[in-house]
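Contents: one structure, followed by commentary.
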Amino acid sequence: MTSQENLFGSSIQRLSILLPLPFSDPYDYLCPETCKIELGSYVEVPLGSRRLVGVVWALEGSDNHLPDDKLKSILRVLDSPPMEESLRRLVDFTATYTISPKGNVMKMCLGLFGGKDGVERFDHRPMLQHVSLLHDLSAHRLTEKRRAVVDALNGLPPMPISAASEQAGVSQSIIRAMIKQGLLDSIDLPLDSPFETAQLRGGEHPKLSEEQQTASDAIIKTLRQKTYECFLLEGVTGSGKTEVYFEAITDVLEQDQSAQILVLLPEIALTSQWLGRFEDRFGVKPAEWHSDVGAAEKRRVWRAAGKGNVQVIVGARSSLYLPFKNLSLIIVDEEHDPSFKQEEGVMYHARDMAVTRAFLQNCPVVLASATPSLESLINVKNERYHHLTLLERHGSATLPDIQAIDMRIDAPPAGQWLSPKLMEKITENLVKGDQTALFLNRRGYAPLTLCRTCGHRVECPHCSAWLVEHRGRQRLQCHHCGFDMPTLEACPDCETEDSLVACGPGVERLGEEVVTLFPEAQVAVLASDTMTSVSKMAAVVAQIEAGEIDIIIGTQMITKGYHFPKLTLVGVIDADLGLRGGDMRAGERTYQQLVQVSGRAGRAERKGRVYLQSFEPEHPVVQALLTGDGATYMAAEIEARRTYAMPPFGKLVALILSGEDVKKVIDVGRQLAAKAPHSDQVKVMGPAPAPMTKIRGHFRYRLLLHASKKTAVQPLVKEWIAAIGTVKGVKIKIDIDPYSFF
Ligand SMILES: Nc1ncnc2c1ncn2[C@@H]1O[C@H](COP(=O)(O)OP(=O)(O)OP(=O)(O)O)[C@@H](O)[C@H]1O
Ligand SMILES: [Zn+2]
């Protein structure tokens with residue numbers, strides 16, 4: 001600790017404070033030595049005219065030689081347990097690994113907020129107006145809406161006005177008016193109401209099968225030793241991986257009520273069914289952390305995590321950076337899922353960082369999947385991960401029969417997308433009263449609108465992409481920048497009326513076809529643009545569970561996690577779709593997706609069947625599904641990666657340059673190429689126009705660095721980019737181990 005006398009004779013110290021701003025290093029601040037401060041303490045500091053939350057990164061100043069009188073003092077130490085060393089080290093690691101400013105990683109740790117809001121979060125617990133029903137209003141004459149409010153509140157403890165309005169389906173003003181008239185009571189309660197503790201042996205408690213038991217025993221053994229170990233829990237679809245890790249969660253909490261568990265799920269849409277299962281099992285809801293959670297709830301979860309007042313948090317990628325007090329187990333479900341890679345800002349891979357966090361925390365981590373990523377399989381081979389396998393479906397369920405439909409032979413009628421064979425199977429299934437899922441990974445009505453007269457394709461004015469028709473909403477939309485406009489009557493180029501045609505199918509168009517062919521069936525179309533919130537998705541899931549839906553049509557959002565006992569037929573409309581892009585992971589990704597969607601069929605007593613419509617049924621991916629020999633397919637993929645020294649046998653770093661002035665972008669690209677590191681261990685390709693040459697009016701070029709496994713790429717890339725310096729108007733994004741090549 002450095003200290004010296006200040007002007008007034010009292011002792012002061014210098015501190016390094018990491019701020020949630022895009023800076024790489026902490027800033028120096030002063031504070032009286034009497035101040036009770038620790039490494040990791042959250043403090044409020046001034047910066048210009050702003051007040052920010054920062055974290056004490058060192059109990060001494062950095063080496064910036066600024067005299068004390070140039071430094072400002074911290075304003076106060078905030079009321080929260082200090083950030084633990086393991087999280088501070090994760091921040092350092094993430095920043096170094098991804099070549100991001102440390103302050104940007106700190107921003108993720110603080111949750112939502114950088115500025116003022118961050119400070120408010122630490123203030124005495126905010127109070128919130130709650131409403132309750134104390135009087136008997138049955139004799140009152142009430143409007144329908146007021147009656148709905150009474151029904152929603154009846155017999156329940158006070159709830160926030162927003163919750164009551166949601167429950168009753170009326171506006172908040174109606175509730176406020178009722179409070180004013182004395183019909184309802186209002187009370188201010190702290191927002192930070194505590195999370196309930198799980199009931200460990202109370203709820204539904206399945207008896208594990210032998211292989212499930214073996215897997216959960218292995219995890220529990222490590223849990224009790226309180227050490228790091230990474231498990232790859234590989235179990236076929238429907239084998240009950242969730243039950244295995246629920247058992248592990250039960251054991252951690254049985255050993256230690258204050259233990260905390262983090263479960264990462266790839267998609268928030270997935271959580272509805274998962275949450276239901278959790279609640280059945282543990283009698284309480286876990287805390288949630290994802291983009292659909294409101295600011296007040298996020299504040300509550302963040303604080304509870306830090307104070308150790310919440311046991312289980314289920315979340316998306318960013319929950320990994322929450323300030324847990326006693327993190328004891330991390331689960332990454334569907335670990336192979338590409339959405340764990342963050343593609344904006346700090347470009348980290350949440351699965352890999354979860355393993356790192358567990359290592360720093362010295363606790364076990366479980367990666368679960370029916371189709372593990374190639375990287376994880378290799379880590380098993382190298383004995384870095386402990387492999388646990390479930391080979392059979394739970395109970396009497398068996399894996400579905402999978403067949404291909406050769407679209408060159410069994411072609412659909414013109415302008416339709418369902419082959420005669422698949423139509424026949426759907427009809428049979430409807431007669432049986434079973435449910436069918438049709439998978440097509442394309443949102444909207446049609447991916448392309450084409451003019452029959454002049455051949456013009458309707459493109460986004462800001463991106464090099466076609467506009468996708470959304471017929472229900474009568475809009476044309478860009479799926480890259482969100483640009484949106486009404487559908488057109490005439491061709492924007494040759495101005496011919498009624499000459500535009502929709503080309504290709506999206507789920508909406510497939511829905512139209514299905515409704516026409518099977519008018520008596522109840523159909524639901526699920527895509528991320530229609531299922532915009534967890535509650536909307538939950539409502540549809542409940543309908544499917546209740547058997548109110550016969551045919552489910554959806555994008556990749558329906559492929560994973562779901563368990564619908566009555567679903568026995570899966571049709572894949574275009575099994576080759578994912579193979580067309582052609583990056584290094586296209587085959588692996590398509591294989592995983594097809595296994596996952598097939599895995600939705602026949603998960604209970606009734607046998608499942610899957611039909612893959614393909615123009616290339618001889619493709620190794622389709623063959624792997626038909627033969628059920630995924631292991632051989634993945635082994636061949638691993639060999640191909642090894643041959644070409646592709647990750648994880650070698651390293652890739654992508655540089656994505658973008659700017660409004662294409663000449664400047666190309667110029668920076670050329671400068672980078674000229675200064676590129678080259679050796680027998682390192683090669684650089686590019687600059688080349690990105691496949692998406694323009695997004696949001698910004699032109700994009702890419703360079704790709706390929707290095708041997710032993711090369712430390714981060715210092716190399718840092719030095720390389722520093723040699724160019726910053727160029728105004730051109731952004732350089734660094735993507736270590738890229739998953740997207742667009
Ligand atoms: N030991 C058990 N006792 C009773 N029910 C079980 C048991 N194991 C699994 N199940 C039930 O079997 C069904 C499938 O299990 P689960 O959803 O956990 O599989 P999964 O391995 O996660 O599948 P997927 O990878 O396809 O998501 C669930 O309804 C689950 O409750
Ligand atoms: Zn666009």
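The way I read the labels, and the way they are meant: chains A, B, ... in the order of the structure tokens, residue 1 as the first residue of every chain, and ligand 1 as the first ligand shown, with later ones counted on from there.
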
Review point. Got a sec: who's within 12 Å of Arg452 (chain A), counting only C-alpha atoms, leaving out chain neighbours fewer than 6 positions off, as a ChimeraX atom specification?
Key: /A:458,490-491,493-503

Check your understanding: Near region 131-148 of chain A, within 9 Å and counting only C-alpha atoms, which residues show up once chain neighbours fewer than 3 positions away are dropped, as a ChimeraX atom specification?
Key -> /A:151-161,164,167-170,174-175,178-179,183-188

Could you turn the residues from that selection into a file that holds C-alpha atoms, as a PDB file, in the first residue's frame?
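The resulting file, out_28.pdb, is shown below:
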ATOM      1  CA  ASP A 151     -59.693 -11.824  -9.385  1.00  0.00           C
ATOM      2  CA  ALA A 152     -55.992 -11.468 -10.012  1.00  0.00           C
ATOM      3  CA  LEU A 153     -55.275 -10.252  -6.478  1.00  0.00           C
ATOM      4  CA  ASN A 154     -57.662 -12.488  -4.615  1.00  0.00           C
ATOM      5  CA  GLY A 155     -55.972 -14.581  -1.949  1.00  0.00           C
ATOM      6  CA  LEU A 156     -52.442 -13.455  -2.864  1.00  0.00           C
ATOM      7  CA  PRO A 157     -49.853 -11.437  -0.953  1.00  0.00           C
ATOM      8  CA  PRO A 158     -49.209  -7.851  -2.116  1.00  0.00           C
ATOM      9  CA  MET A 159     -47.695  -7.661  -5.579  1.00  0.00           C
ATOM     10  CA  PRO A 160     -46.080  -4.849  -7.561  1.00  0.00           C
ATOM     11  CA  ILE A 161     -48.593  -2.825  -9.563  1.00  0.00           C
ATOM     12  CA  ALA A 164     -50.943  -7.034 -10.991  1.00  0.00           C
ATOM     13  CA  GLN A 167     -51.914 -10.703 -14.311  1.00  0.00           C
ATOM     14  CA  ALA A 168     -55.237  -8.978 -14.751  1.00  0.00           C
ATOM     15  CA  GLY A 169     -54.557  -7.879 -18.312  1.00  0.00           C
ATOM     16  CA  VAL A 170     -55.534  -4.302 -17.568  1.00  0.00           C
ATOM     17  CA  ILE A 174     -57.088   1.196 -13.595  1.00  0.00           C
ATOM     18  CA  ILE A 175     -55.320  -0.254 -10.566  1.00  0.00           C
ATOM     19  CA  MET A 178     -58.935   1.658  -7.543  1.00  0.00           C
ATOM     20  CA  ILE A 179     -56.275   2.397  -4.913  1.00  0.00           C
ATOM     21  CA  LEU A 183     -61.004  -0.270  -3.098  1.00  0.00           C
ATOM     22  CA  LEU A 184     -57.489  -1.682  -3.010  1.00  0.00           C
ATOM     23  CA  ASP A 185     -54.678  -1.237  -0.522  1.00  0.00           C
ATOM     24  CA  SER A 186     -51.212  -0.133  -1.356  1.00  0.00           C
ATOM     25  CA  ILE A 187     -48.013  -0.618   0.565  1.00  0.00           C
ATOM     26  CA  ASP A 188     -44.355   0.193  -0.186  1.00  0.00           C
TER      27      ASP A 188
END

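Of the residues under consideration (A:Ala676, A:Ile638, A:Ala259, A:Leu66), A:Ala676 shows the shortest atom-to-atom contact distance to Ala722 (chain A) when counting only C-alpha atoms.
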
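Residues of protein or nucleic acid lying within 10 Å of ligand 2, counting only C-alpha atoms and all ligand atoms, are Glu459, Cys460, Pro461, His462, Cys463, Ser464, Ala465, Trp466, Leu467, Gln477, Cys478, His479, His480, Cys481, Gly482, Phe483, Asp484, Lys694, Ile695, Arg696 and Gly697 of chain A.
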
Check your understanding: If you measure from CA of Phe282 (chain A) to CA of Leu253 (chain A), what distance in Å do you get, rounded to one decimal?
Key -> 11.0 Å

Write out, as JSON lines, each residue of region 61-96 of chain A that has an atom at most 10 Å from region 298-315 of chain A, together with the closest pair of atoms and their distance in Å to one decimal, counting only C-alpha atoms, rows going by chain and rising number.
{"residue": "A:Asp79", "atom": "CA", "partner": "A:Arg303", "partner_atom": "CA", "distance": 10.0}
{"residue": "A:Ser80", "atom": "CA", "partner": "A:Gly306", "partner_atom": "CA", "distance": 7.1}
{"residue": "A:Pro81", "atom": "CA", "partner": "A:Gly306", "partner_atom": "CA", "distance": 6.4}
{"residue": "A:Pro82", "atom": "CA", "partner": "A:Gly306", "partner_atom": "CA", "distance": 8.4}
{"residue": "A:Met83", "atom": "CA", "partner": "A:Gly306", "partner_atom": "CA", "distance": 8.0}
{"residue": "A:Glu84", "atom": "CA", "partner": "A:Gly306", "partner_atom": "CA", "distance": 9.3}

Selection export as a PDB file, in the first residue's frame, atoms kept: C-alpha atoms:
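Full text of out_35.pdb as output:
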ATOM      1  CA  ASP A  79     -22.543  -1.452   0.112  1.00  0.00           C
ATOM      2  CA  SER A  80     -21.745  -4.763  -1.525  1.00  0.00           C
ATOM      3  CA  PRO A  81     -19.324  -7.596  -0.827  1.00  0.00           C
ATOM      4  CA  PRO A  82     -16.084  -7.023  -2.786  1.00  0.00           C
ATOM      5  CA  MET A  83     -15.685  -8.700  -6.152  1.00  0.00           C
ATOM      6  CA  GLU A  84     -14.021 -12.035  -5.521  1.00  0.00           C
TER       7      GLU A  84
END

Counting only C-alpha atoms and all ligand atoms, which residues of chain A sit at most 7 Å from some atom of ligand 1, and what is each one's closest atom pair with its distance in Å to one decimal, listed by chain and rising residue number, as JSON lines?
{"residue": "A:Pro206", "atom": "CA", "partner": "ligand 1", "partner_atom_place_in_ligand_line": "3 (N)", "distance": 4.1}
{"residue": "A:Lys207", "atom": "CA", "partner": "ligand 1", "partner_atom_place_in_ligand_line": "1 (N)", "distance": 4.8}
{"residue": "A:Leu208", "atom": "CA", "partner": "ligand 1", "partner_atom_place_in_ligand_line": "1 (N)", "distance": 3.6}
{"residue": "A:Ser209", "atom": "CA", "partner": "ligand 1", "partner_atom_place_in_ligand_line": "1 (N)", "distance": 5.2}
{"residue": "A:Gly235", "atom": "CA", "partner": "ligand 1", "partner_atom_place_in_ligand_line": "21 (O)", "distance": 5.7}
{"residue": "A:Val236", "atom": "CA", "partner": "ligand 1", "partner_atom_place_in_ligand_line": "21 (O)", "distance": 6.2}
{"residue": "A:Thr237", "atom": "CA", "partner": "ligand 1", "partner_atom_place_in_ligand_line": "26 (O)", "distance": 3.3}
{"residue": "A:Gly238", "atom": "CA", "partner": "ligand 1", "partner_atom_place_in_ligand_line": "23 (O)", "distance": 3.5}
{"residue": "A:Ser239", "atom": "CA", "partner": "ligand 1", "partner_atom_place_in_ligand_line": "21 (O)", "distance": 4.0}
{"residue": "A:Gly240", "atom": "CA", "partner": "ligand 1", "partner_atom_place_in_ligand_line": "18 (O)", "distance": 3.2}
{"residue": "A:Lys241", "atom": "CA", "partner": "ligand 1", "partner_atom_place_in_ligand_line": "21 (O)", "distance": 3.8}
{"residue": "A:Thr242", "atom": "CA", "partner": "ligand 1", "partner_atom_place_in_ligand_line": "18 (O)", "distance": 3.8}
{"residue": "A:Glu243", "atom": "CA", "partner": "ligand 1", "partner_atom_place_in_ligand_line": "18 (O)", "distance": 5.2}
{"residue": "A:Ser369", "atom": "CA", "partner": "ligand 1", "partner_atom_place_in_ligand_line": "25 (O)", "distance": 5.8}
{"residue": "A:Ala370", "atom": "CA", "partner": "ligand 1", "partner_atom_place_in_ligand_line": "25 (O)", "distance": 5.0}
{"residue": "A:His394", "atom": "CA", "partner": "ligand 1", "partner_atom_place_in_ligand_line": "9 (C)", "distance": 5.0}
{"residue": "A:Lys560", "atom": "CA", "partner": "ligand 1", "partner_atom_place_in_ligand_line": "27 (O)", "distance": 6.0}
{"residue": "A:Gly561", "atom": "CA", "partner": "ligand 1", "partner_atom_place_in_ligand_line": "27 (O)", "distance": 3.7}
{"residue": "A:Tyr562", "atom": "CA", "partner": "ligand 1", "partner_atom_place_in_ligand_line": "27 (O)", "distance": 6.1}
{"residue": "A:His563", "atom": "CA", "partner": "ligand 1", "partner_atom_place_in_ligand_line": "17 (O)", "distance": 5.8}
{"residue": "A:Gln596", "atom": "CA", "partner": "ligand 1", "partner_atom_place_in_ligand_line": "26 (O)", "distance": 6.6}
{"residue": "A:Gly599", "atom": "CA", "partner": "ligand 1", "partner_atom_place_in_ligand_line": "26 (O)", "distance": 5.5}
{"residue": "A:Arg600", "atom": "CA", "partner": "ligand 1", "partner_atom_place_in_ligand_line": "26 (O)", "distance": 6.4}
{"residue": "A:Arg603", "atom": "CA", "partner": "ligand 1", "partner_atom_place_in_ligand_line": "14 (C)", "distance": 6.7}

Atoms kept (N, CA and C atoms) for selection, written as a PDB file, in the first residue's frame:
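See selection-v1.pdb below for the written result:
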ATOM      1  N   PRO A 206     -37.402 -38.189  -9.410  1.00  0.00           N
ATOM      2  CA  PRO A 206     -37.319 -39.437 -10.172  1.00  0.00           C
ATOM      3  C   PRO A 206     -36.189 -40.337  -9.672  1.00  0.00           C
ATOM      4  N   LYS A 207     -36.398 -41.617  -9.863  1.00  0.00           N
ATOM      5  CA  LYS A 207     -35.326 -42.552  -9.545  1.00  0.00           C
ATOM      6  C   LYS A 207     -34.445 -42.661 -10.782  1.00  0.00           C
ATOM      7  N   LEU A 208     -33.152 -42.425 -10.590  1.00  0.00           N
ATOM      8  CA  LEU A 208     -32.262 -42.414 -11.750  1.00  0.00           C
ATOM      9  C   LEU A 208     -32.006 -43.829 -12.261  1.00  0.00           C
ATOM     10  N   SER A 209     -31.823 -43.931 -13.566  1.00  0.00           N
ATOM     11  CA  SER A 209     -31.417 -45.213 -14.149  1.00  0.00           C
ATOM     12  C   SER A 209     -29.964 -45.468 -13.772  1.00  0.00           C
ATOM     13  N   GLY A 235     -25.199 -37.400 -23.691  1.00  0.00           N
ATOM     14  CA  GLY A 235     -26.278 -38.387 -23.614  1.00  0.00           C
ATOM     15  C   GLY A 235     -27.208 -38.193 -24.777  1.00  0.00           C
ATOM     16  N   VAL A 236     -27.669 -39.273 -25.373  1.00  0.00           N
ATOM     17  CA  VAL A 236     -28.549 -39.143 -26.539  1.00  0.00           C
ATOM     18  C   VAL A 236     -29.770 -38.296 -26.165  1.00  0.00           C
ATOM     19  N   THR A 237     -30.432 -37.768 -27.173  1.00  0.00           N
ATOM     20  CA  THR A 237     -31.599 -36.918 -26.911  1.00  0.00           C
ATOM     21  C   THR A 237     -32.633 -37.702 -26.102  1.00  0.00           C
ATOM     22  N   GLY A 238     -33.136 -37.070 -25.060  1.00  0.00           N
ATOM     23  CA  GLY A 238     -34.155 -37.728 -24.242  1.00  0.00           C
ATOM     24  C   GLY A 238     -33.597 -38.720 -23.238  1.00  0.00           C
ATOM     25  N   SER A 239     -32.271 -38.666 -23.005  1.00  0.00           N
ATOM     26  CA  SER A 239     -31.677 -39.633 -22.073  1.00  0.00           C
ATOM     27  C   SER A 239     -31.776 -39.144 -20.628  1.00  0.00           C
ATOM     28  N   GLY A 240     -32.189 -37.907 -20.435  1.00  0.00           N
ATOM     29  CA  GLY A 240     -32.353 -37.412 -19.071  1.00  0.00           C
ATOM     30  C   GLY A 240     -31.098 -36.777 -18.493  1.00  0.00           C
ATOM     31  N   LYS A 241     -30.424 -35.992 -19.338  1.00  0.00           N
ATOM     32  CA  LYS A 241     -29.250 -35.269 -18.847  1.00  0.00           C
ATOM     33  C   LYS A 241     -29.653 -34.260 -17.775  1.00  0.00           C
ATOM     34  N   THR A 242     -30.825 -33.651 -17.980  1.00  0.00           N
ATOM     35  CA  THR A 242     -31.301 -32.668 -17.011  1.00  0.00           C
ATOM     36  C   THR A 242     -31.466 -33.312 -15.628  1.00  0.00           C
ATOM     37  N   GLU A 243     -32.036 -34.525 -15.609  1.00  0.00           N
ATOM     38  CA  GLU A 243     -32.228 -35.202 -14.320  1.00  0.00           C
ATOM     39  C   GLU A 243     -30.885 -35.454 -13.639  1.00  0.00           C
ATOM     40  N   SER A 369     -24.696 -32.225 -23.526  1.00  0.00           N
ATOM     41  CA  SER A 369     -25.182 -32.173 -24.902  1.00  0.00           C
ATOM     42  C   SER A 369     -25.410 -33.574 -25.444  1.00  0.00           C
ATOM     43  N   ALA A 370     -26.342 -33.675 -26.396  1.00  0.00           N
ATOM     44  CA  ALA A 370     -26.499 -34.926 -27.136  1.00  0.00           C
ATOM     45  C   ALA A 370     -25.527 -34.939 -28.306  1.00  0.00           C
ATOM     46  N   HIS A 394     -34.618 -42.350 -21.755  1.00  0.00           N
ATOM     47  CA  HIS A 394     -35.238 -42.692 -20.483  1.00  0.00           C
ATOM     48  C   HIS A 394     -36.443 -43.614 -20.679  1.00  0.00           C
ATOM     49  N   LYS A 560     -34.173 -27.716 -30.075  1.00  0.00           N
ATOM     50  CA  LYS A 560     -33.447 -28.258 -28.917  1.00  0.00           C
ATOM     51  C   LYS A 560     -34.197 -28.138 -27.605  1.00  0.00           C
ATOM     52  N   GLY A 561     -33.887 -29.072 -26.751  1.00  0.00           N
ATOM     53  CA  GLY A 561     -34.358 -28.974 -25.373  1.00  0.00           C
ATOM     54  C   GLY A 561     -35.787 -29.423 -25.133  1.00  0.00           C
ATOM     55  N   TYR A 562     -36.678 -29.167 -26.071  1.00  0.00           N
ATOM     56  CA  TYR A 562     -38.084 -29.419 -25.776  1.00  0.00           C
ATOM     57  C   TYR A 562     -38.424 -30.891 -25.636  1.00  0.00           C
ATOM     58  N   HIS A 563     -39.395 -31.126 -24.781  1.00  0.00           N
ATOM     59  CA  HIS A 563     -39.872 -32.480 -24.544  1.00  0.00           C
ATOM     60  C   HIS A 563     -41.388 -32.461 -24.663  1.00  0.00           C
ATOM     61  N   GLN A 596     -30.443 -32.892 -33.160  1.00  0.00           N
ATOM     62  CA  GLN A 596     -31.261 -32.259 -32.130  1.00  0.00           C
ATOM     63  C   GLN A 596     -32.737 -32.244 -32.516  1.00  0.00           C
ATOM     64  N   GLY A 599     -34.244 -35.498 -32.434  1.00  0.00           N
ATOM     65  CA  GLY A 599     -34.373 -35.914 -31.037  1.00  0.00           C
ATOM     66  C   GLY A 599     -35.649 -35.446 -30.359  1.00  0.00           C
ATOM     67  N   ARG A 600     -36.431 -34.594 -31.044  1.00  0.00           N
ATOM     68  CA  ARG A 600     -37.715 -34.175 -30.449  1.00  0.00           C
ATOM     69  C   ARG A 600     -38.775 -35.250 -30.670  1.00  0.00           C
ATOM     70  N   ARG A 603     -40.302 -39.144 -27.730  1.00  0.00           N
ATOM     71  CA  ARG A 603     -39.588 -39.106 -26.457  1.00  0.00           C
ATOM     72  C   ARG A 603     -40.334 -39.817 -25.337  1.00  0.00           C
TER      73      ARG A 603
END

Practice item. As a PyMOL selection string, please: all residues of region 436-527 of chain A that backbone DSSP puts in strand (DSSP E). Key: chain A and resi 436-439+448-451+468-470+475-477+484-486+500-503+523-526

Once you have the residues from the selection above, write them out as a PDB file, in the first residue's frame, restricted to C-alpha atoms.
ATOM      1  CA  THR A 436     -45.821 -33.243 -35.903  1.00  0.00           C
ATOM      2  CA  ALA A 437     -42.919 -30.774 -36.042  1.00  0.00           C
ATOM      3  CA  LEU A 438     -41.660 -29.306 -39.309  1.00  0.00           C
ATOM      4  CA  PHE A 439     -38.258 -27.687 -39.210  1.00  0.00           C
ATOM      5  CA  LEU A 448     -36.146 -13.257 -51.822  1.00  0.00           C
ATOM      6  CA  THR A 449     -38.503 -11.024 -53.760  1.00  0.00           C
ATOM      7  CA  LEU A 450     -37.758 -11.053 -57.497  1.00  0.00           C
ATOM      8  CA  CYS A 451     -39.141  -9.064 -60.421  1.00  0.00           C
ATOM      9  CA  VAL A 468     -37.128 -10.931 -46.411  1.00  0.00           C
ATOM     10  CA  GLU A 469     -40.853 -10.779 -46.894  1.00  0.00           C
ATOM     11  CA  HIS A 470     -43.008 -11.051 -43.761  1.00  0.00           C
ATOM     12  CA  ARG A 475     -43.405  -5.839 -44.489  1.00  0.00           C
ATOM     13  CA  LEU A 476     -40.096  -6.418 -46.172  1.00  0.00           C
ATOM     14  CA  GLN A 477     -37.369  -6.688 -43.597  1.00  0.00           C
ATOM     15  CA  ASP A 484     -38.210  -2.511 -42.554  1.00  0.00           C
ATOM     16  CA  MET A 485     -40.615  -1.244 -45.242  1.00  0.00           C
ATOM     17  CA  PRO A 486     -44.087  -2.032 -46.572  1.00  0.00           C
ATOM     18  CA  LEU A 500     -42.798  -9.214 -58.020  1.00  0.00           C
ATOM     19  CA  VAL A 501     -42.710 -12.831 -56.905  1.00  0.00           C
ATOM     20  CA  ALA A 502     -41.716 -14.411 -53.620  1.00  0.00           C
ATOM     21  CA  CYS A 503     -38.914 -16.954 -54.075  1.00  0.00           C
ATOM     22  CA  VAL A 523     -50.872 -25.067 -36.589  1.00  0.00           C
ATOM     23  CA  ALA A 524     -48.338 -22.959 -34.684  1.00  0.00           C
ATOM     24  CA  VAL A 525     -45.437 -21.168 -36.362  1.00  0.00           C
ATOM     25  CA  LEU A 526     -42.488 -20.471 -34.081  1.00  0.00           C
TER      26      LEU A 526
END

Taking the chain letters and numbering used in this document, name the residues of region 97-270 of chain A that DSSP puts in alpha helix (DSSP H), as an mmCIF file with C-alpha atoms, in the first residue's frame.
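Final file, out.cif:
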data_model
loop_
_atom_site.group_PDB
_atom_site.id
_atom_site.type_symbol
_atom_site.label_atom_id
_atom_site.label_comp_id
_atom_site.auth_asym_id
_atom_site.auth_seq_id
_atom_site.Cartn_x
_atom_site.Cartn_y
_atom_site.Cartn_z
ATOM 1 C CA TYR A 97 -7.773 -13.630 -24.389
ATOM 2 C CA THR A 98 -10.213 -11.668 -26.517
ATOM 3 C CA LYS A 102 -10.601 -4.637 -19.459
ATOM 4 C CA GLY A 103 -13.174 -1.946 -18.774
ATOM 5 C CA ASN A 104 -15.533 -3.500 -21.324
ATOM 6 C CA VAL A 105 -15.386 -6.785 -19.466
ATOM 7 C CA MET A 106 -16.005 -4.902 -16.224
ATOM 8 C CA LYS A 107 -19.120 -3.487 -17.824
ATOM 9 C CA MET A 108 -20.409 -7.027 -18.315
ATOM 10 C CA CYS A 109 -19.694 -7.742 -14.654
ATOM 11 C CA LYS A 116 -25.544 6.626 -12.885
ATOM 12 C CA ASP A 117 -27.776 3.609 -12.840
ATOM 13 C CA GLY A 118 -24.869 1.536 -11.639
ATOM 14 C CA VAL A 119 -24.503 3.730 -8.579
ATOM 15 C CA GLU A 120 -28.181 3.676 -7.739
ATOM 16 C CA GLU A 144 -65.233 -6.067 -16.135
ATOM 17 C CA LYS A 145 -61.681 -4.748 -15.967
ATOM 18 C CA ARG A 146 -61.912 -3.929 -12.271
ATOM 19 C CA ARG A 147 -63.363 -7.362 -11.649
ATOM 20 C CA ALA A 148 -60.328 -8.855 -13.434
ATOM 21 C CA VAL A 149 -58.034 -6.966 -11.045
ATOM 22 C CA VAL A 150 -59.942 -8.280 -8.037
ATOM 23 C CA ASP A 151 -59.693 -11.824 -9.385
ATOM 24 C CA ALA A 152 -55.992 -11.468 -10.012
ATOM 25 C CA LEU A 153 -55.275 -10.252 -6.478
ATOM 26 C CA ILE A 161 -48.593 -2.825 -9.563
ATOM 27 C CA SER A 162 -46.869 -3.831 -12.780
ATOM 28 C CA ALA A 163 -47.294 -7.514 -11.931
ATOM 29 C CA ALA A 164 -50.943 -7.034 -10.991
ATOM 30 C CA SER A 165 -51.618 -5.212 -14.243
ATOM 31 C CA GLU A 166 -49.990 -8.010 -16.205
ATOM 32 C CA GLN A 167 -51.914 -10.703 -14.311
ATOM 33 C CA ALA A 168 -55.237 -8.978 -14.751
ATOM 34 C CA GLN A 172 -51.851 0.191 -14.441
ATOM 35 C CA SER A 173 -54.023 3.310 -14.396
ATOM 36 C CA ILE A 174 -57.088 1.196 -13.595
ATOM 37 C CA ILE A 175 -55.320 -0.254 -10.566
ATOM 38 C CA ARG A 176 -54.123 3.156 -9.429
ATOM 39 C CA ALA A 177 -57.649 4.522 -9.695
ATOM 40 C CA MET A 178 -58.935 1.658 -7.543
ATOM 41 C CA ILE A 179 -56.275 2.397 -4.913
ATOM 42 C CA LYS A 180 -57.278 6.063 -4.926
ATOM 43 C CA GLU A 210 -28.136 -47.008 -13.678
ATOM 44 C CA GLU A 211 -26.245 -44.958 -16.258
ATOM 45 C CA GLN A 212 -27.762 -41.728 -14.944
ATOM 46 C CA GLN A 213 -26.736 -42.710 -11.423
ATOM 47 C CA THR A 214 -23.167 -43.455 -12.497
ATOM 48 C CA ALA A 215 -22.940 -40.056 -14.170
ATOM 49 C CA SER A 216 -24.390 -38.140 -11.275
ATOM 50 C CA ASP A 217 -22.215 -40.033 -8.757
ATOM 51 C CA ALA A 218 -19.101 -38.944 -10.627
ATOM 52 C CA ILE A 219 -20.150 -35.299 -10.546
ATOM 53 C CA ILE A 220 -21.188 -35.481 -6.904
ATOM 54 C CA LYS A 221 -17.866 -37.013 -5.912
ATOM 55 C CA THR A 222 -16.000 -34.030 -7.357
ATOM 56 C CA LEU A 223 -18.511 -31.614 -5.858
ATOM 57 C CA ARG A 224 -17.839 -32.977 -2.412
ATOM 58 C CA GLN A 225 -14.102 -32.708 -2.947
ATOM 59 C CA LYS A 241 -29.250 -35.269 -18.847
ATOM 60 C CA THR A 242 -31.301 -32.668 -17.011
ATOM 61 C CA GLU A 243 -32.228 -35.202 -14.320
ATOM 62 C CA VAL A 244 -28.546 -36.014 -13.878
ATOM 63 C CA TYR A 245 -27.537 -32.459 -13.222
ATOM 64 C CA PHE A 246 -30.654 -31.779 -11.120
ATOM 65 C CA GLU A 247 -29.395 -34.575 -8.889
ATOM 66 C CA ALA A 248 -25.998 -32.887 -8.693
ATOM 67 C CA ILE A 249 -27.683 -29.569 -7.829
ATOM 68 C CA THR A 250 -29.636 -31.326 -5.079
ATOM 69 C CA ASP A 251 -26.474 -32.733 -3.604
ATOM 70 C CA VAL A 252 -24.524 -29.468 -3.585
ATOM 71 C CA LEU A 253 -27.378 -27.735 -1.813
ATOM 72 C CA GLU A 254 -27.827 -30.585 0.617
ATOM 73 C CA GLN A 255 -24.185 -30.313 1.596
#
